[in-house]
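Visitor: Please find one structure pasted underneath; my questions will follow.
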Amino acid sequence: MKPVNIGGHAAYRNALRDYLHACYPNLSVITKSQWKIYEKFRDLDLSAIDSMMEDKYSVFGPKPRLPSCMFRSYLLSLAFHVPTVTEWVDAMRLTPFYAILSGFAPDNTPGVGTFYDFFDRLWDGPEKNLTNHIQSPRAKVKKPKNKGQKADSVETETTEELVERLSLTDFFLDEQPYATLFSIFQTCFLNQSVLRGVIEPENATLSGDGTPVVTAARERGHKICDCVSNGVFRCSCPRFFSQPDCDIGWDSSRNLYYSGYDLYLMTDTNSGLPLFPLFHPASKHDSHGFCEAFLRFLAFLPAFKPSRLTLDSAHDVMAIYTLCQSLSVVPFIDLNPRNAKKPSPQSNAIEIGPDGFPVCPAGLNMKPNGADLKRRYLKFRCPRMQKGKCVCDSPCSSAKFGRTFSVAMKTNPRLYNFPPRGSPEWKKVYNARTASERANKRIKNDYHLEAGHHRSTQMWYVRLYAIVISLHLDAWGAS
């Protein structure tokens, strides 16, 4: 039958008070850390989830557990750092405090199967994975030459082709397998963060970054052909992969291969809170992962109007600059030395360095000197001017303000942007990019994303969204 929440959040708080006093006459047995979690979840109204998931249940059958209580219970398992559902079910039976705070009677808690049945209702895909288990052998990324360097892309489609294809695609949330999870996150948590003033959607500065997620997937698929019996030990026949959405990638921070996903996260730099997560195969390059995540983010969250975008050097691709131009978003992207090409000279007397700065006759990078935004020109001045005088032995200009030079921004949006790359204003905005790295660290280290050891993309998304929601709850308490 359909879940019916009579009384809403007020009924949950009344039951919480009654059960707590019945089981714990002496509240001093509750530890300080438990009490902090109690105060956070006591005021958390999740009754909207019951109406949002009503269509997920049949009219007939036994009375189900309230979706709001099931979701709250799973969030509590993360707050108390219980890694698996099985351990959490046992913990609720041994510790009534966990069951009471979830919204269950101490002597009537759900089992493991009830939780996984609820997780199935949170998933909108026809299968628990996004692709078929039987696939052709995958291409393995090549180990980079230098330590700490990211692997090259193995994609057959260029970033420019990807951007062109995605720009012509209409993204609809109800077509995504994580639609219910995202709707719960947006309605009950992201919108609340906006209302509380933690996040400002207008003129937001966003940051994007990918991070490796190691799963329990096999690095090689099971052979299902008869090639071995015929004496052929190396073949390219399709194989069975236990986790078909995963493959092998290169972890540049730990300098090793891993099997799993690449998690791409769009983050608000002001609050440091994640706004939109998306799983890709481990071999996905960040430049491709960004395009997939960013355009979906804009489609699913139209209220957000980002004005600036901070990305690391893996995103230093001309197609991304062009995309930002078309969306009126100012990109702050670090240059990738491997992409450095000497621009064509714009003057016989001035050369342009690989970082886009004009080089004066003395061999020094000229200093930024503002911009003419109406005509889209960047201005540069002599780097040796001190107190109105050039200190070079042989000044190249007799002008009062020294040698000046202007560059048309439209000639190369990768090198010429405003504020100029390397200026104090540019560095101040770009330094906020570490917000995405901090968010990734909290997801993986503080809330132990990889401890789930799940075998399906469905469960990885359920755990991921629950952790992202937990970060928003933490921010509410700190604000």
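For the structure tokens, the naming scheme is as follows: chains receive sequential letters (A, B, ...) according to their order of presentation, residues are indexed from 1 within each chain, and ligands are indexed from 1 in presentation order.
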Just list the residues in stretch 95-299 of chain A DSSP gives strand (DSSP E) on the backbone, as a PyMOL selection string.
Guide: chain A and resi 134-135+202-214+222-223+239-240+247-251+256-268+273-281
Visitor: Write out as a VMD selection string which residues come within 12 Å of A:Tyr38 when counting only C-alpha atoms, dropping same-chain ones fewer than 2 positions away.
Guide: chain A and resid 13 16 to 17 20 30 to 36 40 to 44 72 76 79 to 80 97 to 103
Visitor: Within 10 Å of A:Asn431, counting only C-alpha atoms, which residues show up once you throw out same-chain ones fewer than 4 positions away? Write them as a list in words, please.
Guide: Thr269, Thr310, Phe332, Trp426, Lys427 and Ala435 of chain A
Visitor: Fewer than 6 positions away in the same chain doesn't count, so skip those; otherwise give me all residues within 10 Å of A:Arg296, counting only C-alpha atoms, as a JSON list (two decimals) with N, CA and C atoms, in the first residue's frame.
Guide:
[["chain", "number", "residue", "atom", "x", "y", "z"],
["A", 166, "LEU", "N", 27.01, 17.71, -27.03],
["A", 166, "LEU", "CA", 26.24, 17.95, -25.81],
["A", 166, "LEU", "C", 25.45, 19.25, -25.88],
["A", 169, "THR", "N", 22.13, 18.68, -27.23],
["A", 169, "THR", "CA", 21.34, 17.68, -26.50],
["A", 169, "THR", "C", 20.48, 18.36, -25.44],
["A", 170, "ASP", "N", 19.22, 17.97, -25.39],
["A", 170, "ASP", "CA", 18.32, 18.44, -24.33],
["A", 170, "ASP", "C", 18.34, 17.43, -23.19],
["A", 171, "PHE", "N", 18.77, 17.88, -22.01],
["A", 171, "PHE", "CA", 18.83, 17.00, -20.84],
["A", 171, "PHE", "C", 17.56, 17.17, -20.01],
["A", 172, "PHE", "N", 16.92, 16.05, -19.70],
["A", 172, "PHE", "CA", 15.72, 16.05, -18.87],
["A", 172, "PHE", "C", 15.99, 15.20, -17.64],
["A", 173, "LEU", "N", 15.67, 15.76, -16.48],
["A", 173, "LEU", "CA", 15.98, 15.07, -15.23],
["A", 173, "LEU", "C", 15.26, 13.75, -15.11],
["A", 276, "PHE", "N", 26.57, 19.22, -7.74],
["A", 276, "PHE", "CA", 26.15, 18.18, -8.68],
["A", 276, "PHE", "C", 27.27, 17.17, -8.86],
["A", 278, "LEU", "N", 28.67, 13.41, -10.53],
["A", 278, "LEU", "CA", 28.41, 12.51, -11.65],
["A", 278, "LEU", "C", 29.53, 11.49, -11.75],
["A", 290, "PHE", "N", 34.12, 17.10, -17.16],
["A", 290, "PHE", "CA", 33.58, 18.43, -16.89],
["A", 290, "PHE", "C", 32.43, 18.76, -17.83]]
Visitor: Please compute the atom CA of A:His315-atom CA of A:Asn255 distance, one decimal, in Å.
Guide: 20.0 Å
Visitor: I'd like the interatomic distance between atom CA of A:Ala91 and atom CA of A:Gly452, to a tenth of an Å.
Guide: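 If I compute the distance from atom CA of A:Ala91 to atom CA of A:Gly452, I get 16.7 Å.
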Visitor: Atom CA of A:Pro383 to atom CA of A:Ala362: how many Å, to one decimal?
Guide: 9.5 Å
Visitor: Near A:Pro358, within 10 Å and counting only C-alpha atoms, which residues show up once chain neighbours fewer than 5 positions away are dropped, as a list of chain:residue names?
Guide: A:Pro345, A:Gln346, A:Ser347, A:Ile350, A:Glu351, A:Ile352, A:Gly353, A:Gly363, A:Leu364, A:Asn365, A:Met366, A:Lys367, A:Pro368, A:Lys379, A:Phe380, A:Arg381, A:Cys382, A:Thr404, A:Phe405, A:Ser406, A:Val407
Visitor: Give me a file of those residues, with all heavy atoms, as a compact mmCIF listing (two decimals), in the first residue's frame.
Guide:
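selection.txt, written as the output of this step:
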# COMPACT_ATOMS: atom_id res chain seq x y z
N PRO A 345 53.20 35.92 -33.71
CA PRO A 345 53.49 37.29 -33.29
C PRO A 345 52.47 38.27 -33.85
O PRO A 345 52.00 38.14 -34.97
CB PRO A 345 54.89 37.55 -33.84
CG PRO A 345 55.04 36.59 -34.98
CD PRO A 345 54.24 35.38 -34.60
N GLN A 346 52.13 39.28 -33.01
CA GLN A 346 51.21 40.32 -33.44
C GLN A 346 51.94 41.61 -33.81
O GLN A 346 51.34 42.58 -34.19
CB GLN A 346 50.19 40.59 -32.33
CG GLN A 346 49.34 39.38 -32.02
CD GLN A 346 48.17 39.74 -31.13
OE1 GLN A 346 47.89 40.89 -30.88
NE2 GLN A 346 47.48 38.72 -30.65
N SER A 347 53.24 41.59 -33.60
CA SER A 347 54.04 42.77 -33.94
C SER A 347 55.46 42.32 -34.24
O SER A 347 55.94 41.35 -33.68
CB SER A 347 54.03 43.77 -32.77
OG SER A 347 54.99 44.78 -32.96
N ILE A 350 57.48 42.88 -30.89
CA ILE A 350 57.06 42.21 -29.66
C ILE A 350 56.72 40.76 -29.96
O ILE A 350 55.96 40.47 -30.88
CB ILE A 350 55.84 42.92 -29.03
CG1 ILE A 350 56.21 44.33 -28.59
CG2 ILE A 350 55.31 42.11 -27.85
CD1 ILE A 350 57.18 44.40 -27.42
N GLU A 351 57.28 39.86 -29.18
CA GLU A 351 56.95 38.44 -29.30
C GLU A 351 55.96 38.06 -28.19
O GLU A 351 55.92 38.70 -27.14
CB GLU A 351 58.21 37.58 -29.19
CG GLU A 351 59.16 37.72 -30.36
CD GLU A 351 60.31 36.74 -30.27
OE1 GLU A 351 60.39 36.04 -29.24
OE2 GLU A 351 61.11 36.68 -31.22
N ILE A 352 55.19 37.01 -28.42
CA ILE A 352 54.23 36.51 -27.44
C ILE A 352 54.77 35.20 -26.89
O ILE A 352 55.08 34.27 -27.64
CB ILE A 352 52.84 36.29 -28.06
CG1 ILE A 352 52.37 37.57 -28.75
CG2 ILE A 352 51.86 35.85 -27.00
CD1 ILE A 352 52.16 38.74 -27.83
N GLY A 353 54.89 35.09 -25.56
CA GLY A 353 55.38 33.87 -24.93
C GLY A 353 54.33 32.79 -24.91
O GLY A 353 53.15 33.03 -25.19
N GLY A 363 63.63 40.61 -22.93
CA GLY A 363 63.36 39.21 -22.63
C GLY A 363 62.49 38.98 -21.42
O GLY A 363 62.41 37.86 -20.91
N LEU A 364 61.82 40.01 -20.92
CA LEU A 364 60.98 39.90 -19.73
C LEU A 364 59.50 39.95 -20.12
O LEU A 364 59.12 40.65 -21.07
CB LEU A 364 61.29 41.04 -18.75
CG LEU A 364 62.74 41.15 -18.26
CD1 LEU A 364 62.91 42.41 -17.41
CD2 LEU A 364 63.13 39.91 -17.49
N ASN A 365 58.67 39.22 -19.36
CA ASN A 365 57.23 39.28 -19.57
C ASN A 365 56.72 40.66 -19.18
O ASN A 365 57.02 41.16 -18.08
CB ASN A 365 56.51 38.22 -18.73
CG ASN A 365 56.61 36.84 -19.33
OD1 ASN A 365 57.11 36.68 -20.44
ND2 ASN A 365 56.14 35.85 -18.60
N MET A 366 55.96 41.28 -20.06
CA MET A 366 55.38 42.57 -19.75
C MET A 366 54.28 42.41 -18.71
O MET A 366 53.65 41.35 -18.59
CB MET A 366 54.84 43.22 -21.02
CG MET A 366 55.91 43.44 -22.09
SD MET A 366 55.31 44.31 -23.56
CE MET A 366 55.14 45.98 -22.94
N LYS A 367 54.03 43.46 -17.93
CA LYS A 367 53.07 43.40 -16.83
C LYS A 367 51.68 43.80 -17.29
O LYS A 367 51.54 44.72 -18.12
CB LYS A 367 53.52 44.31 -15.69
CG LYS A 367 54.77 43.83 -14.98
CD LYS A 367 55.07 44.70 -13.76
CE LYS A 367 56.28 44.18 -13.01
NZ LYS A 367 56.58 45.01 -11.83
N PRO A 368 50.61 43.14 -16.76
CA PRO A 368 49.24 43.55 -17.12
C PRO A 368 48.99 44.98 -16.71
O PRO A 368 49.43 45.45 -15.66
CB PRO A 368 48.37 42.57 -16.32
CG PRO A 368 49.26 41.40 -16.04
CD PRO A 368 50.64 41.96 -15.89
N LYS A 379 45.74 45.20 -21.99
CA LYS A 379 46.86 46.12 -22.07
C LYS A 379 48.02 45.61 -21.22
O LYS A 379 47.82 45.05 -20.14
CB LYS A 379 46.43 47.51 -21.58
CG LYS A 379 45.28 48.13 -22.37
CD LYS A 379 44.89 49.47 -21.78
CE LYS A 379 43.72 50.09 -22.54
NZ LYS A 379 43.32 51.40 -21.96
N PHE A 380 49.22 45.82 -21.73
CA PHE A 380 50.43 45.44 -21.02
C PHE A 380 51.40 46.62 -21.03
O PHE A 380 51.38 47.46 -21.93
CB PHE A 380 51.09 44.22 -21.66
CG PHE A 380 50.26 42.98 -21.59
CD1 PHE A 380 49.32 42.70 -22.57
CD2 PHE A 380 50.41 42.08 -20.54
CE1 PHE A 380 48.55 41.56 -22.52
CE2 PHE A 380 49.63 40.94 -20.47
CZ PHE A 380 48.71 40.67 -21.46
N ARG A 381 52.28 46.68 -20.01
CA ARG A 381 53.23 47.78 -19.92
C ARG A 381 54.64 47.25 -19.65
O ARG A 381 54.83 46.06 -19.38
CB ARG A 381 52.82 48.74 -18.79
CG ARG A 381 52.84 48.13 -17.41
CD ARG A 381 52.45 49.15 -16.35
NE ARG A 381 52.37 48.57 -15.01
CZ ARG A 381 53.42 48.42 -14.20
NH1 ARG A 381 54.63 48.79 -14.61
NH2 ARG A 381 53.26 47.92 -12.99
N CYS A 382 55.58 48.15 -19.69
CA CYS A 382 56.99 47.80 -19.48
C CYS A 382 57.20 47.20 -18.10
O CYS A 382 56.73 47.76 -17.09
CB CYS A 382 57.85 49.06 -19.65
SG CYS A 382 59.60 48.79 -19.27
N THR A 404 54.32 50.11 -24.11
CA THR A 404 53.00 49.51 -23.87
C THR A 404 52.65 48.63 -25.07
O THR A 404 53.19 48.79 -26.16
CB THR A 404 51.91 50.58 -23.67
OG1 THR A 404 51.84 51.40 -24.84
CG2 THR A 404 52.22 51.43 -22.45
N PHE A 405 51.71 47.72 -24.82
CA PHE A 405 51.30 46.80 -25.88
C PHE A 405 49.89 46.32 -25.59
O PHE A 405 49.52 46.11 -24.42
CB PHE A 405 52.26 45.60 -25.94
CG PHE A 405 52.07 44.72 -27.14
CD1 PHE A 405 52.49 45.13 -28.40
CD2 PHE A 405 51.47 43.47 -27.03
CE1 PHE A 405 52.32 44.32 -29.51
CE2 PHE A 405 51.30 42.66 -28.13
CZ PHE A 405 51.73 43.09 -29.38
N SER A 406 49.09 46.18 -26.62
CA SER A 406 47.71 45.72 -26.47
C SER A 406 47.49 44.44 -27.27
O SER A 406 48.07 44.29 -28.36
CB SER A 406 46.72 46.80 -26.95
OG SER A 406 46.84 47.96 -26.14
N VAL A 407 46.68 43.55 -26.71
CA VAL A 407 46.39 42.26 -27.35
C VAL A 407 44.88 42.10 -27.46
O VAL A 407 44.16 42.32 -26.48
CB VAL A 407 46.99 41.08 -26.55
CG1 VAL A 407 46.63 39.76 -27.20
CG2 VAL A 407 48.50 41.22 -26.45
Visitor: If we count only C-alpha atoms, what is near A:Asp247 at a cut-off of 6 Å, once residues fewer than 3 positions away on the same chain are taken out, given as an MDAnalysis selection string?
Guide: chainID A and resid 259:260 281:282
